[in-house]
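*Asks:* Contents are compact mmCIF, C-alpha atoms; file name structure.txt:
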```txt
# COMPACT_ATOMS: atom_id res chain seq x y z
CA MET I 1 28.57 -10.48 -14.95
CA LYS I 2 26.64 -13.58 -16.00
CA LEU I 3 22.92 -14.22 -16.19
CA PHE I 4 21.88 -17.80 -15.40
CA ASP I 5 18.96 -18.40 -17.73
CA ALA I 6 16.57 -21.19 -18.70
CA ASP I 7 14.74 -21.07 -22.01
CA TRP I 8 11.73 -22.99 -20.90
CA ALA I 9 10.88 -21.40 -17.54
CA PRO I 10 8.66 -18.34 -17.09
CA SER I 11 10.65 -16.26 -14.57
CA PRO I 12 13.80 -15.98 -16.72
CA ARG I 13 11.58 -14.79 -19.59
CA ARG I 14 10.62 -11.70 -17.55
CA VAL I 15 14.27 -10.71 -17.46
CA ARG I 16 14.90 -11.51 -21.13
CA ILE I 17 11.97 -9.34 -22.26
CA TYR I 18 13.05 -6.55 -19.91
CA LEU I 19 16.63 -6.60 -21.18
CA ALA I 20 15.41 -6.62 -24.80
CA GLU I 21 13.18 -3.58 -24.17
CA LYS I 22 16.12 -1.77 -22.58
CA GLU I 23 18.63 -3.01 -25.20
CA ILE I 24 21.01 -4.14 -22.44
CA PRO I 25 23.40 -6.95 -23.48
CA VAL I 26 24.29 -9.50 -20.79
CA GLU I 27 26.29 -12.72 -21.05
CA ARG I 28 23.97 -15.70 -20.49
CA VAL I 29 24.57 -19.20 -19.17
CA GLN I 30 21.86 -21.74 -20.00
CA ILE I 31 20.85 -24.08 -17.18
CA ASP I 32 19.19 -27.30 -18.35
CA ILE I 33 16.02 -27.51 -16.22
CA LYS I 34 14.62 -30.60 -17.92
CA GLY I 35 17.92 -32.37 -17.26
CA GLY I 36 17.77 -31.24 -13.61
CA GLU I 37 20.97 -29.17 -13.80
CA HIS I 38 19.50 -26.61 -11.35
CA LEU I 39 19.19 -29.35 -8.71
CA GLN I 40 22.81 -30.51 -9.05
CA PRO I 41 25.47 -29.53 -6.45
CA GLY I 42 27.24 -27.13 -8.81
CA TYR I 43 24.27 -24.84 -9.29
CA VAL I 44 22.89 -25.30 -5.77
CA ALA I 45 26.23 -24.12 -4.34
CA LEU I 46 25.88 -20.99 -6.46
CA ASN I 47 22.17 -20.49 -5.78
CA PRO I 48 20.63 -22.43 -2.85
CA GLN I 49 17.19 -21.41 -4.09
CA ARG I 50 17.77 -23.62 -7.17
CA GLN I 51 16.00 -21.13 -9.40
CA MET I 52 16.62 -19.17 -12.52
CA PRO I 53 17.13 -16.38 -13.34
CA ALA I 54 20.10 -15.40 -11.20
CA LEU I 55 22.59 -12.66 -11.94
CA LEU I 56 26.17 -13.23 -10.79
CA LEU I 57 28.14 -10.00 -10.50
CA ASP I 58 31.89 -9.80 -11.00
CA ASP I 59 32.50 -9.47 -7.25
CA GLY I 60 30.62 -12.73 -6.58
CA THR I 61 27.34 -11.15 -5.41
CA LEU I 62 24.24 -12.97 -6.62
CA ILE I 63 20.89 -11.32 -7.33
CA ASP I 64 18.55 -14.32 -7.28
CA ASP I 65 15.17 -12.90 -8.27
CA SER I 66 13.80 -11.83 -11.65
CA LEU I 67 12.38 -8.48 -10.52
CA GLY I 68 15.42 -7.85 -8.32
CA ILE I 69 17.59 -8.25 -11.42
CA CYS I 70 15.39 -5.92 -13.47
CA ARG I 71 15.34 -3.22 -10.77
CA TYR I 72 19.15 -3.47 -10.51
CA PHE I 73 19.47 -2.73 -14.23
CA GLU I 74 16.75 -0.05 -14.00
CA ALA I 75 18.87 1.81 -11.45
CA LEU I 76 21.98 1.46 -13.63
CA GLN I 77 20.20 2.53 -16.84
CA PRO I 78 16.92 4.35 -16.14
CA ASP I 79 15.95 5.03 -19.77
CA PRO I 80 13.52 4.08 -21.10
CA PRO I 81 11.81 3.68 -17.71
CA LEU I 82 9.82 0.45 -17.34
CA PHE I 83 8.89 0.78 -13.64
CA GLY I 84 7.04 4.10 -13.98
CA ARG I 85 7.82 7.65 -15.12
CA THR I 86 6.05 9.53 -12.30
CA PRO I 87 5.43 8.76 -8.60
CA LEU I 88 1.87 7.68 -9.43
CA GLU I 89 2.97 5.38 -12.26
CA ILE I 90 5.69 3.95 -10.02
CA GLY I 91 3.06 3.13 -7.40
CA LEU I 92 0.65 1.63 -9.91
CA VAL I 93 3.30 -0.46 -11.69
CA GLU I 94 4.34 -1.98 -8.35
CA SER I 95 0.70 -2.61 -7.39
CA TRP I 96 0.02 -4.44 -10.66
CA LEU I 97 3.29 -6.37 -10.45
CA ARG I 98 2.31 -7.72 -7.05
CA ARG I 99 -1.25 -8.44 -8.11
CA VAL I 100 -0.15 -10.28 -11.27
CA GLU I 101 2.32 -12.30 -9.18
CA HIS I 102 -0.20 -13.25 -6.49
CA ASP I 103 -3.45 -13.51 -8.43
CA CYS I 104 -2.15 -14.97 -11.70
CA PHE I 105 1.44 -16.25 -11.74
CA GLN I 106 1.21 -18.09 -8.41
CA ALA I 107 -2.21 -19.45 -9.37
CA VAL I 108 -0.74 -20.94 -12.56
CA ALA I 109 2.25 -22.26 -10.63
CA ALA I 110 -0.10 -23.90 -8.11
CA ALA I 111 -2.19 -25.53 -10.86
CA PHE I 112 0.99 -26.80 -12.53
CA ARG I 113 3.30 -27.84 -9.70
CA ASN I 114 0.59 -29.60 -7.69
CA LYS I 115 -0.32 -31.71 -10.72
CA VAL I 116 2.70 -32.66 -12.84
CA SER I 117 4.49 -35.79 -11.62
CA ALA I 118 7.92 -34.23 -12.21
CA PHE I 119 7.19 -31.88 -9.29
CA ALA I 120 6.22 -34.59 -6.78
CA GLY I 121 7.80 -33.55 -3.48
CA ARG I 122 8.70 -30.15 -4.97
CA ALA I 123 5.27 -28.53 -5.14
CA VAL I 124 6.65 -25.09 -4.22
CA SER I 125 9.64 -23.58 -5.99
CA GLY I 126 12.66 -22.61 -3.93
CA GLU I 127 14.83 -23.90 -1.11
CA TRP I 128 12.59 -26.27 0.86
CA PRO I 129 12.40 -29.67 2.48
CA PRO I 130 10.10 -31.98 0.48
CA ILE I 131 6.70 -30.35 -0.08
CA GLU I 132 4.03 -32.77 -1.27
CA GLN I 133 1.50 -31.96 -3.97
CA ILE I 134 -2.07 -31.04 -2.93
CA PRO I 135 -4.50 -31.98 -5.72
CA GLU I 136 -7.14 -29.48 -4.51
CA MET I 137 -4.67 -26.69 -5.29
CA VAL I 138 -4.99 -27.53 -8.98
CA ASP I 139 -8.69 -26.67 -8.87
CA ARG I 140 -8.03 -23.53 -6.83
CA GLY I 141 -5.41 -22.42 -9.34
CA ARG I 142 -7.83 -22.97 -12.23
CA LEU I 143 -10.55 -21.01 -10.44
CA MET I 144 -8.18 -18.07 -9.85
CA TRP I 145 -6.93 -18.24 -13.45
CA ALA I 146 -10.48 -17.95 -14.78
CA ALA I 147 -11.46 -15.15 -12.39
CA PHE I 148 -8.33 -13.12 -13.06
CA ALA I 149 -8.92 -13.36 -16.82
CA ASP I 150 -12.24 -11.60 -16.20
CA VAL I 151 -10.46 -8.89 -14.18
CA LEU I 152 -7.91 -8.33 -16.93
CA ASP I 153 -10.55 -8.30 -19.66
CA ALA I 154 -12.59 -5.67 -17.84
CA HIS I 155 -9.44 -3.60 -17.31
CA PHE I 156 -8.26 -3.82 -20.92
CA ALA I 157 -11.71 -2.84 -22.15
CA LYS I 158 -10.89 0.60 -20.74
CA HIS I 159 -7.09 0.82 -20.84
CA ILE I 160 -4.39 0.01 -23.40
CA PHE I 161 -1.96 -1.40 -20.83
CA LEU I 162 -2.09 -2.22 -17.12
CA VAL I 163 -1.05 1.33 -16.23
CA GLY I 164 -3.06 3.45 -18.67
CA ASP I 165 -1.33 4.00 -22.00
CA TYR I 166 2.12 3.31 -20.53
CA PHE I 167 3.77 -0.04 -21.39
CA SER I 168 5.57 -1.20 -18.24
CA MET I 169 7.18 -4.07 -16.40
CA ALA I 170 3.70 -4.99 -15.18
CA ASP I 171 2.66 -5.81 -18.77
CA ILE I 172 5.79 -7.93 -19.15
CA ALA I 173 4.97 -9.86 -15.97
CA ALA I 174 1.35 -10.32 -17.05
CA LEU I 175 2.35 -11.54 -20.51
CA VAL I 176 4.72 -14.08 -18.97
CA ALA I 177 2.06 -15.27 -16.50
CA ILE I 178 -0.64 -15.59 -19.17
CA ASP I 179 1.67 -17.44 -21.56
CA PHE I 180 2.78 -19.70 -18.67
CA GLY I 181 -0.86 -20.62 -18.08
CA ILE I 182 -1.57 -21.22 -21.77
CA GLY I 183 1.66 -23.20 -22.09
CA THR I 184 0.69 -25.44 -19.18
CA ARG I 185 -2.68 -26.10 -20.81
CA LEU I 186 -4.99 -23.98 -18.73
CA PRO I 187 -8.00 -22.77 -20.75
CA ASP I 188 -6.88 -20.10 -23.23
CA PRO I 189 -8.48 -16.89 -21.92
CA ARG I 190 -8.12 -15.10 -25.27
CA GLU I 191 -10.97 -17.12 -26.74
CA ASP I 192 -13.71 -15.47 -24.70
CA HIS I 193 -12.01 -12.27 -23.47
CA PRO I 194 -11.67 -9.96 -26.48
CA ALA I 195 -10.03 -7.05 -24.66
CA LEU I 196 -7.47 -9.34 -23.03
CA ALA I 197 -6.85 -10.88 -26.45
CA ARG I 198 -6.26 -7.42 -28.00
CA TRP I 199 -3.75 -6.54 -25.26
CA HIS I 200 -2.05 -9.94 -25.54
CA CYS I 201 -1.69 -9.53 -29.29
CA ALA I 202 -0.23 -6.04 -28.90
CA VAL I 203 2.39 -6.95 -26.28
CA SER I 204 3.26 -10.22 -28.05
CA ALA I 205 3.93 -8.27 -31.27
CA ARG I 206 6.73 -6.27 -29.61
CA PRO I 207 10.11 -7.69 -30.70
CA SER I 208 11.05 -8.13 -27.02
CA ALA I 209 8.38 -10.81 -26.55
CA ALA I 210 10.48 -13.26 -28.56
CA ALA I 211 13.58 -12.75 -26.41
CA MET T 1 -5.27 12.07 0.13
CA LYS T 2 -6.60 9.40 2.50
CA LEU T 3 -5.08 6.12 3.62
CA PHE T 4 -7.60 3.35 4.32
CA ASP T 5 -6.07 1.49 7.22
CA ALA T 6 -6.91 -1.43 9.52
CA ASP T 7 -5.19 -1.76 12.86
CA TRP T 8 -5.35 -5.50 13.06
CA ALA T 9 -4.22 -6.60 9.59
CA PRO T 10 -0.59 -7.16 8.57
CA SER T 11 -0.45 -5.43 5.17
CA PRO T 12 -1.50 -1.98 6.46
CA ARG T 13 1.22 -2.28 9.10
CA ARG T 14 3.87 -2.36 6.37
CA VAL T 15 2.70 1.07 5.25
CA ARG T 16 2.40 2.46 8.79
CA ILE T 17 5.98 1.45 9.64
CA TYR T 18 7.24 2.81 6.32
CA LEU T 19 5.51 6.17 6.83
CA ALA T 20 6.85 6.38 10.40
CA GLU T 21 10.42 5.74 9.21
CA LYS T 22 10.02 8.45 6.58
CA GLU T 23 8.14 10.82 8.92
CA ILE T 24 5.42 11.33 6.34
CA PRO T 25 2.02 12.35 7.79
CA VAL T 26 -1.07 11.00 5.99
CA GLU T 27 -4.73 11.23 6.95
CA ARG T 28 -6.03 7.78 7.88
CA VAL T 29 -9.48 6.20 7.74
CA GLN T 30 -9.94 3.09 9.89
CA ILE T 31 -11.86 0.23 8.27
CA ASP T 32 -13.38 -2.22 10.74
CA ILE T 33 -12.27 -5.63 9.47
CA LYS T 34 -13.72 -7.63 12.35
CA GLY T 35 -17.06 -5.97 11.69
CA GLY T 36 -16.75 -6.81 7.99
CA GLU T 37 -16.75 -3.18 6.85
CA HIS T 38 -14.32 -4.02 4.00
CA LEU T 39 -16.91 -6.43 2.57
CA GLN T 40 -19.73 -3.88 2.57
CA PRO T 41 -20.86 -2.14 -0.65
CA GLY T 42 -19.41 1.22 0.38
CA TYR T 43 -15.81 0.01 0.61
CA VAL T 44 -16.14 -2.53 -2.22
CA ALA T 45 -17.24 0.27 -4.57
CA LEU T 46 -14.08 2.13 -3.63
CA ASN T 47 -11.79 -0.90 -3.70
CA PRO T 48 -13.12 -4.04 -5.45
CA GLN T 49 -10.19 -6.00 -3.99
CA ARG T 50 -11.74 -5.49 -0.52
CA GLN T 51 -8.31 -5.02 1.02
CA MET T 52 -6.45 -2.55 3.13
CA PRO T 53 -4.27 -0.58 2.82
CA ALA T 54 -5.48 1.57 -0.04
CA LEU T 55 -4.42 5.13 -0.77
CA LEU T 56 -7.04 7.40 -2.32
CA LEU T 57 -5.51 10.42 -4.06
CA ASP T 58 -7.25 13.76 -4.38
CA ASP T 59 -8.02 13.14 -8.06
CA GLY T 60 -9.82 9.88 -7.20
CA THR T 61 -6.99 7.53 -8.20
CA LEU T 62 -6.58 4.54 -5.88
CA ILE T 63 -3.29 2.78 -5.14
CA ASP T 64 -4.49 -0.52 -3.72
CA ASP T 65 -1.32 -2.32 -2.64
CA SER T 66 0.94 -1.81 0.37
CA LEU T 67 4.23 -1.81 -1.54
CA GLY T 68 2.70 0.23 -4.34
CA ILE T 69 1.78 2.88 -1.78
CA CYS T 70 5.28 2.85 -0.27
CA ARG T 71 7.00 3.12 -3.65
CA TYR T 72 4.70 6.05 -4.53
CA PHE T 73 5.84 7.92 -1.43
CA GLU T 74 9.46 6.84 -2.02
CA ALA T 75 9.35 8.56 -5.42
CA LEU T 76 7.82 11.70 -3.87
CA GLN T 77 10.27 11.81 -0.95
CA PRO T 78 13.38 9.72 -1.59
CA ASP T 79 15.17 10.48 1.72
CA PRO T 80 15.94 8.49 3.74
CA PRO T 81 15.89 5.75 1.07
CA LEU T 82 14.24 2.51 2.21
CA PHE T 83 14.30 0.64 -1.14
CA GLY T 84 18.09 0.77 -1.59
CA ARG T 85 20.81 3.42 -1.90
CA THR T 86 22.76 1.86 -4.78
CA PRO T 87 21.76 -0.24 -7.82
CA LEU T 88 22.95 -3.38 -6.02
CA GLU T 89 21.01 -2.59 -2.84
CA ILE T 90 17.94 -1.77 -4.94
CA GLY T 91 18.19 -5.19 -6.57
CA LEU T 92 18.75 -7.01 -3.28
CA VAL T 93 15.93 -5.19 -1.43
CA GLU T 94 13.48 -6.17 -4.19
CA SER T 95 14.74 -9.77 -4.18
CA TRP T 96 14.24 -10.06 -0.41
CA LEU T 97 10.85 -8.33 -0.56
CA ARG T 98 9.62 -10.90 -3.06
CA ARG T 99 11.14 -13.80 -1.16
CA VAL T 100 9.64 -12.68 2.16
CA GLU T 101 6.26 -12.29 0.46
CA HIS T 102 6.32 -15.70 -1.22
CA ASP T 103 8.22 -17.82 1.27
CA CYS T 104 6.95 -16.34 4.53
CA PHE T 105 3.98 -13.96 4.33
CA GLN T 106 1.97 -16.11 1.91
CA ALA T 107 2.85 -19.23 3.92
CA VAL T 108 1.46 -17.62 7.07
CA ALA T 109 -1.61 -16.43 5.17
CA ALA T 110 -2.18 -19.95 3.86
CA ALA T 111 -1.87 -21.49 7.33
CA PHE T 112 -4.29 -18.89 8.70
CA ARG T 113 -6.92 -18.43 6.01
CA ASN T 114 -7.31 -22.15 5.28
CA LYS T 115 -7.98 -22.85 8.95
CA VAL T 116 -9.97 -20.08 10.65
CA SER T 117 -13.72 -20.45 10.23
CA ALA T 118 -14.19 -16.72 9.60
CA PHE T 119 -12.43 -17.22 6.25
CA ALA T 120 -14.59 -20.12 5.04
CA GLY T 121 -15.23 -19.46 1.35
CA ARG T 122 -12.62 -16.66 1.41
CA ALA T 123 -9.43 -18.68 1.67
CA VAL T 124 -7.52 -16.28 -0.60
CA SER T 125 -7.54 -12.52 -0.07
CA GLY T 126 -8.76 -10.31 -2.87
CA GLU T 127 -11.53 -10.07 -5.45
CA TRP T 128 -12.64 -13.67 -6.04
CA PRO T 129 -15.64 -15.92 -6.32
CA PRO T 130 -15.92 -18.19 -3.27
CA ILE T 131 -12.64 -20.06 -2.65
CA GLU T 132 -12.97 -22.96 -0.23
CA GLN T 133 -10.44 -23.75 2.46
CA ILE T 134 -7.99 -26.61 1.87
CA PRO T 135 -6.91 -28.08 5.23
CA GLU T 136 -3.68 -29.52 3.77
CA MET T 137 -2.57 -25.94 3.08
CA VAL T 138 -2.37 -25.34 6.81
CA ASP T 139 0.31 -28.02 7.13
CA ARG T 140 2.16 -26.73 4.06
CA GLY T 141 2.14 -23.22 5.50
CA ARG T 142 3.53 -24.47 8.81
CA LEU T 143 6.26 -26.42 7.02
CA MET T 144 7.28 -23.33 5.02
CA TRP T 145 7.16 -21.16 8.16
CA ALA T 146 9.57 -23.49 9.97
CA ALA T 147 11.92 -23.83 7.00
CA PHE T 148 12.04 -20.10 6.33
CA ALA T 149 12.89 -19.41 9.98
CA ASP T 150 16.00 -21.55 9.45
CA VAL T 151 16.88 -19.52 6.34
CA LEU T 152 16.50 -16.23 8.19
CA ASP T 153 18.46 -17.46 11.20
CA ALA T 154 21.38 -18.55 9.01
CA HIS T 155 21.28 -15.19 7.23
CA PHE T 156 21.14 -13.10 10.39
CA ALA T 157 24.04 -15.06 11.86
CA LYS T 158 26.16 -13.28 9.22
CA HIS T 159 24.32 -10.03 8.52
CA ILE T 160 22.69 -7.32 10.65
CA PHE T 161 19.74 -6.83 8.30
CA LEU T 162 18.43 -8.58 5.19
CA VAL T 163 20.61 -6.40 2.96
CA GLY T 164 23.90 -6.27 4.86
CA ASP T 165 24.05 -3.46 7.41
CA TYR T 166 21.34 -1.42 5.66
CA PHE T 167 17.87 -1.33 7.25
CA SER T 168 15.36 -1.45 4.41
CA MET T 169 11.78 -2.05 3.38
CA ALA T 170 12.67 -5.75 3.23
CA ASP T 171 13.23 -5.78 7.00
CA ILE T 172 9.88 -4.04 7.48
CA ALA T 173 8.13 -6.69 5.36
CA ALA T 174 9.92 -9.50 7.20
CA LEU T 175 9.03 -8.07 10.62
CA VAL T 176 5.38 -7.81 9.61
CA ALA T 177 5.37 -11.37 8.25
CA ILE T 178 7.06 -12.84 11.33
CA ASP T 179 4.75 -10.98 13.72
CA PHE T 180 1.76 -12.08 11.61
CA GLY T 181 2.85 -15.68 12.07
CA ILE T 182 3.43 -15.31 15.80
CA GLY T 183 0.13 -13.44 16.17
CA THR T 184 -1.74 -16.25 14.44
CA ARG T 185 -0.18 -18.78 16.79
CA LEU T 186 2.42 -20.41 14.60
CA PRO T 187 5.42 -21.64 16.63
CA ASP T 188 7.49 -18.65 17.78
CA PRO T 189 10.74 -18.94 15.78
CA ARG T 190 12.65 -16.70 18.21
CA GLU T 191 12.80 -19.46 20.80
CA ASP T 192 15.25 -21.65 18.88
CA HIS T 193 16.71 -19.19 16.34
CA PRO T 194 19.01 -16.82 18.25
CA ALA T 195 20.18 -14.75 15.28
CA LEU T 196 16.61 -14.27 14.07
CA ALA T 197 15.66 -13.30 17.63
CA ARG T 198 18.49 -10.71 17.77
CA TRP T 199 17.32 -9.16 14.45
CA HIS T 200 13.66 -9.24 15.56
CA CYS T 201 14.53 -7.48 18.81
CA ALA T 202 16.52 -4.80 16.98
CA VAL T 203 13.87 -3.96 14.36
CA SER T 204 11.05 -4.15 16.94
CA ALA T 205 12.90 -1.61 19.10
CA ARG T 206 12.72 1.04 16.38
CA PRO T 207 9.95 3.53 17.21
CA SER T 208 8.38 2.86 13.79
CA ALA T 209 7.53 -0.72 14.78
CA ALA T 210 4.78 0.56 17.06
CA ALA T 211 3.11 2.61 14.31
```
Render the structure in this file as structure tokens.
*Replies:*
Amino acid sequence: MKLFDADWAPSPRRVRIYLAEKEIPVERVQIDIKGGEHLQPGYVALNPQRQMPALLLDDGTLIDDSLGICRYFEALQPDPPLFGRTPLEIGLVESWLRRVEHDCFQAVAAAFRNKVSAFAGRAVSGEWPPIEQIPEMVDRGRLMWAAFADVLDAHFAKHIFLVGDYFSMADIAALVAIDFGIGTRLPDPREDHPALARWHCAVSARPSAAA
Amino acid sequence: MKLFDADWAPSPRRVRIYLAEKEIPVERVQIDIKGGEHLQPGYVALNPQRQMPALLLDDGTLIDDSLGICRYFEALQPDPPLFGRTPLEIGLVESWLRRVEHDCFQAVAAAFRNKVSAFAGRAVSGEWPPIEQIPEMVDRGRLMWAAFADVLDAHFAKHIFLVGDYFSMADIAALVAIDFGIGTRLPDPREDHPALARWHCAVSARPSAAA
């Protein structure tokens, strides 16, 4: 199998951190996003969604979503579990994964892709006809970013991780979303959210965060 | 345990169909969305996200997301499996679930919530300060709705369900998203997408679809 990866982008980082936590080695192929390699016919023929990560299996099947790839490996190698150890944890990890995606990651993506000129006509990631940028979505994304930082800070004032004292895939997704926001120059929420900053420092200190 | 439900809304329907497929009985409490009961202090104290569905466990723990609730029950009662029977199916079901959510359900929600006057100041679901409607998001949602119907039609021309011949949670999510779009008066994609129409007819004919 081969993992199509991109150093710069946030979604592939979810998979890299996951694989590092699980100590699963996978052959990687770098796709040059800044050079537009993901928009060229070669990659589009492989993955019409034009996104990374994508996992190509030996029989030609493609798993084209970061969490889909992680859950595939989780089923192959359950230990250590990162999607929950009990039914309740499994439910809470999924709930946080979806909330982080909707309330944080997509808010950052909206603030970024509706603003940066390189995404003109491609304001939404994926397989689409031209989608024009909407400047008001930048402000909405910034509003959601600020509000969700408050939610996380209040949560981490009471809990070590998103699901109690259990480090999970939800923390990986949240770390990637927060770093995506900071990296795209949204206001750094660590400066005035001490509990969020403590959590961010703890998860960033894990060796997997550098993967 | 108690399931906070709302007949009219799309996300609770995901859970109702799932529970019907699994034949799992759960006590339900109806929340009156049209009367604004989910915005009143009683429900907000229980669920700050102001959303349904939400599953309240006997120990007071709340699982506040539709897929989180389904995965909780899936761990308690794996058979019949609706999130995949093999590692590959598990990966593909998750990939389709996330794509349906992002490319279809959120597109419908954007077209609906940025237009209808009842959602003025609440253009995004969840726990937020006021978020104003952005009229351009209605057009973007309609564009994504039309484009994703083409994607589904091409897929269903080759496959019975989203993951091959295996009916899964991804089909449930897609049915709910498509019916949400039709119910909110987006153009009915069945009229000019025969393969999508065949799939829609088949999944709608399952007794669970009426749950």
*Asks:* Hey, could you make a per-residue contact list for chain T against chain I with 8 Å as the cut-off, showing the nearest pair of atoms and its distance in Å to one decimal, counting all atoms listed in the file, sorted by chain and number, as CSV?
*Replies:*
```
residue,atom,partner,partner_atom,distance
T:Ile63,CA,I:Leu92,CA,6.3
T:Asp64,CA,I:Ser95,CA,6.7
T:Asp65,CA,I:Ser95,CA,5.2
T:Ser66,CA,I:Ser95,CA,7.8
T:Leu67,CA,I:Glu94,CA,6.8
T:Gly68,CA,I:Gly91,CA,4.2
T:Ile69,CA,I:Gly91,CA,5.8
T:Cys70,CA,I:Gly91,CA,7.5
T:Arg71,CA,I:Gly91,CA,5.4
T:Tyr72,CA,I:Gly91,CA,4.4
T:Phe73,CA,I:Pro87,CA,7.2
T:Glu74,CA,I:Pro87,CA,8.0
T:Ala75,CA,I:Pro87,CA,5.1
T:Leu76,CA,I:Pro87,CA,6.1
T:Thr86,CA,I:Ala75,CA,7.7
T:Pro87,CA,I:Tyr72,CA,4.9
T:Leu88,CA,I:Tyr72,CA,5.9
T:Glu89,CA,I:Tyr72,CA,7.9
T:Ile90,CA,I:Tyr72,CA,5.9
T:Gly91,CA,I:Gly68,CA,4.2
T:Leu92,CA,I:Gly68,CA,6.1
T:Val93,CA,I:Gly68,CA,7.4
T:Glu94,CA,I:Gly68,CA,4.9
T:Ser95,CA,I:Gly68,CA,4.6
T:Arg98,CA,I:Asp65,CA,7.9
T:Trp128,CA,I:Ala147,CA,6.6
T:Pro129,CA,I:Ala147,CA,7.4
T:Ile131,CA,I:Arg140,CA,7.1
T:Ile134,CA,I:Glu136,CA,7.0
T:Glu136,CA,I:Ile134,CA,7.1
T:Met137,CA,I:Ile134,CA,7.9
T:Arg140,CA,I:Ile131,CA,7.1
T:Met144,CA,I:Trp128,CA,7.4
T:Ala147,CA,I:Trp128,CA,6.6
```
*Asks:* Here's a test: counting all atoms listed in the file, identify every protein, DNA and RNA residue with an atom at most 12 Å from (1.9, -17.9, -25.6) in the file's coordinate frame, and state them as a PyMOL selection string.
*Replies:* chain I and resi 10+13+174-186+188-190+197+200-201+203-205+209-210
*Asks:* Generate a file of the selected residues that holds C-alpha atoms, formatted as an mmCIF file, in the coordinates of the input.
*Replies:*
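Listing of out.cif after writing:
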```
data_model
loop_
_atom_site.group_PDB
_atom_site.id
_atom_site.type_symbol
_atom_site.label_atom_id
_atom_site.label_comp_id
_atom_site.auth_asym_id
_atom_site.auth_seq_id
_atom_site.Cartn_x
_atom_site.Cartn_y
_atom_site.Cartn_z
ATOM 1 C CA PRO I 10 8.660 -18.340 -17.090
ATOM 2 C CA ARG I 13 11.580 -14.790 -19.590
ATOM 3 C CA ALA I 174 1.350 -10.320 -17.050
ATOM 4 C CA LEU I 175 2.350 -11.540 -20.510
ATOM 5 C CA VAL I 176 4.720 -14.080 -18.970
ATOM 6 C CA ALA I 177 2.060 -15.270 -16.500
ATOM 7 C CA ILE I 178 -0.640 -15.590 -19.170
ATOM 8 C CA ASP I 179 1.670 -17.440 -21.560
ATOM 9 C CA PHE I 180 2.780 -19.700 -18.670
ATOM 10 C CA GLY I 181 -0.860 -20.620 -18.080
ATOM 11 C CA ILE I 182 -1.570 -21.220 -21.770
ATOM 12 C CA GLY I 183 1.660 -23.200 -22.090
ATOM 13 C CA THR I 184 0.690 -25.440 -19.180
ATOM 14 C CA ARG I 185 -2.680 -26.100 -20.810
ATOM 15 C CA LEU I 186 -4.990 -23.980 -18.730
ATOM 16 C CA ASP I 188 -6.880 -20.100 -23.230
ATOM 17 C CA PRO I 189 -8.480 -16.890 -21.920
ATOM 18 C CA ARG I 190 -8.120 -15.100 -25.270
ATOM 19 C CA ALA I 197 -6.850 -10.880 -26.450
ATOM 20 C CA HIS I 200 -2.050 -9.940 -25.540
ATOM 21 C CA CYS I 201 -1.690 -9.530 -29.290
ATOM 22 C CA VAL I 203 2.390 -6.950 -26.280
ATOM 23 C CA SER I 204 3.260 -10.220 -28.050
ATOM 24 C CA ALA I 205 3.930 -8.270 -31.270
ATOM 25 C CA ALA I 209 8.380 -10.810 -26.550
ATOM 26 C CA ALA I 210 10.480 -13.260 -28.560
#
```
*Asks:* Enter the distance from CA of Ala149 in chain T to CA of His193 in chain T, in Å, rounded to one decimal.
*Replies:*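 A separation of 7.4 Å between them.
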*Asks:* Can you measure CA of Met169 in chain T to CA of Leu82 in chain I for me? One decimal in Å is fine.
*Replies:*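 Straight-line distance from CA of Met169 in chain T to CA of Leu82 in chain I works out to 21.0 Å.
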*Asks:* Please indicate the distance in Å from CA of Ala202 in chain T to CA of Tyr166 in chain T, rounded to one decimal place.
*Replies:*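 Separation of CA of Ala202 in chain T and CA of Tyr166 in chain T: 12.8 Å.
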*Asks:* Using all atoms listed in the file, pick whichever of I:Lys2, I:Arg142, I:Lys158, I:Arg14 has the shortest atom-to-atom distance to Asp171 in chain I.
*Replies:*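 Closest to Asp171 in chain I of all the choices is I:Arg14.
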*Asks:* Residues at most 10 Å from Trp8 in chain I, counting all atoms listed in the file, excluding those fewer than 6 positions away in the same chain, as an mmCIF file with C-alpha atoms, in the coordinates of the input?
*Replies:*
```cif
data_model
loop_
_atom_site.group_PDB
_atom_site.id
_atom_site.type_symbol
_atom_site.label_atom_id
_atom_site.label_comp_id
_atom_site.auth_asym_id
_atom_site.auth_seq_id
_atom_site.Cartn_x
_atom_site.Cartn_y
_atom_site.Cartn_z
ATOM 1 C CA ILE I 31 20.850 -24.080 -17.180
ATOM 2 C CA ASP I 32 19.190 -27.300 -18.350
ATOM 3 C CA ILE I 33 16.020 -27.510 -16.220
ATOM 4 C CA LYS I 34 14.620 -30.600 -17.920
ATOM 5 C CA PHE I 180 2.780 -19.700 -18.670
#
```
*Asks:* Counting all atoms listed in the file, find the residues whose atoms lie at most 9 Å from (-10.8, -3.2, 4.3) (file coordinates) and write them out as a PyMOL selection string.
*Replies:* chain T and resi 4-6+30-33+36-39+43-44+47+49-54
*Asks:* From the set I:Pro194, I:Pro81, I:Gly121, I:Pro187, which residue has the shortest atom-to-atom contact distance to Leu152 in chain I, counting all atoms listed in the file?
*Replies:*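 Nearest candidate to Leu152 in chain I out of I:Pro194, I:Pro81, I:Gly121, I:Pro187: I:Pro194.
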*Asks:* Would you kindly return, as JSON, numbers by chain, each protein, DNA or RNA residue with an atom no farther than 12 Å from any atom of Pro25 in chain T, considering all atoms listed in the file and excluding same-chain residues fewer than 3 positions away?
*Replies:* {"T": [1, 2, 3, 15, 16, 17, 18, 19, 20, 21, 22, 28, 73, 211]}
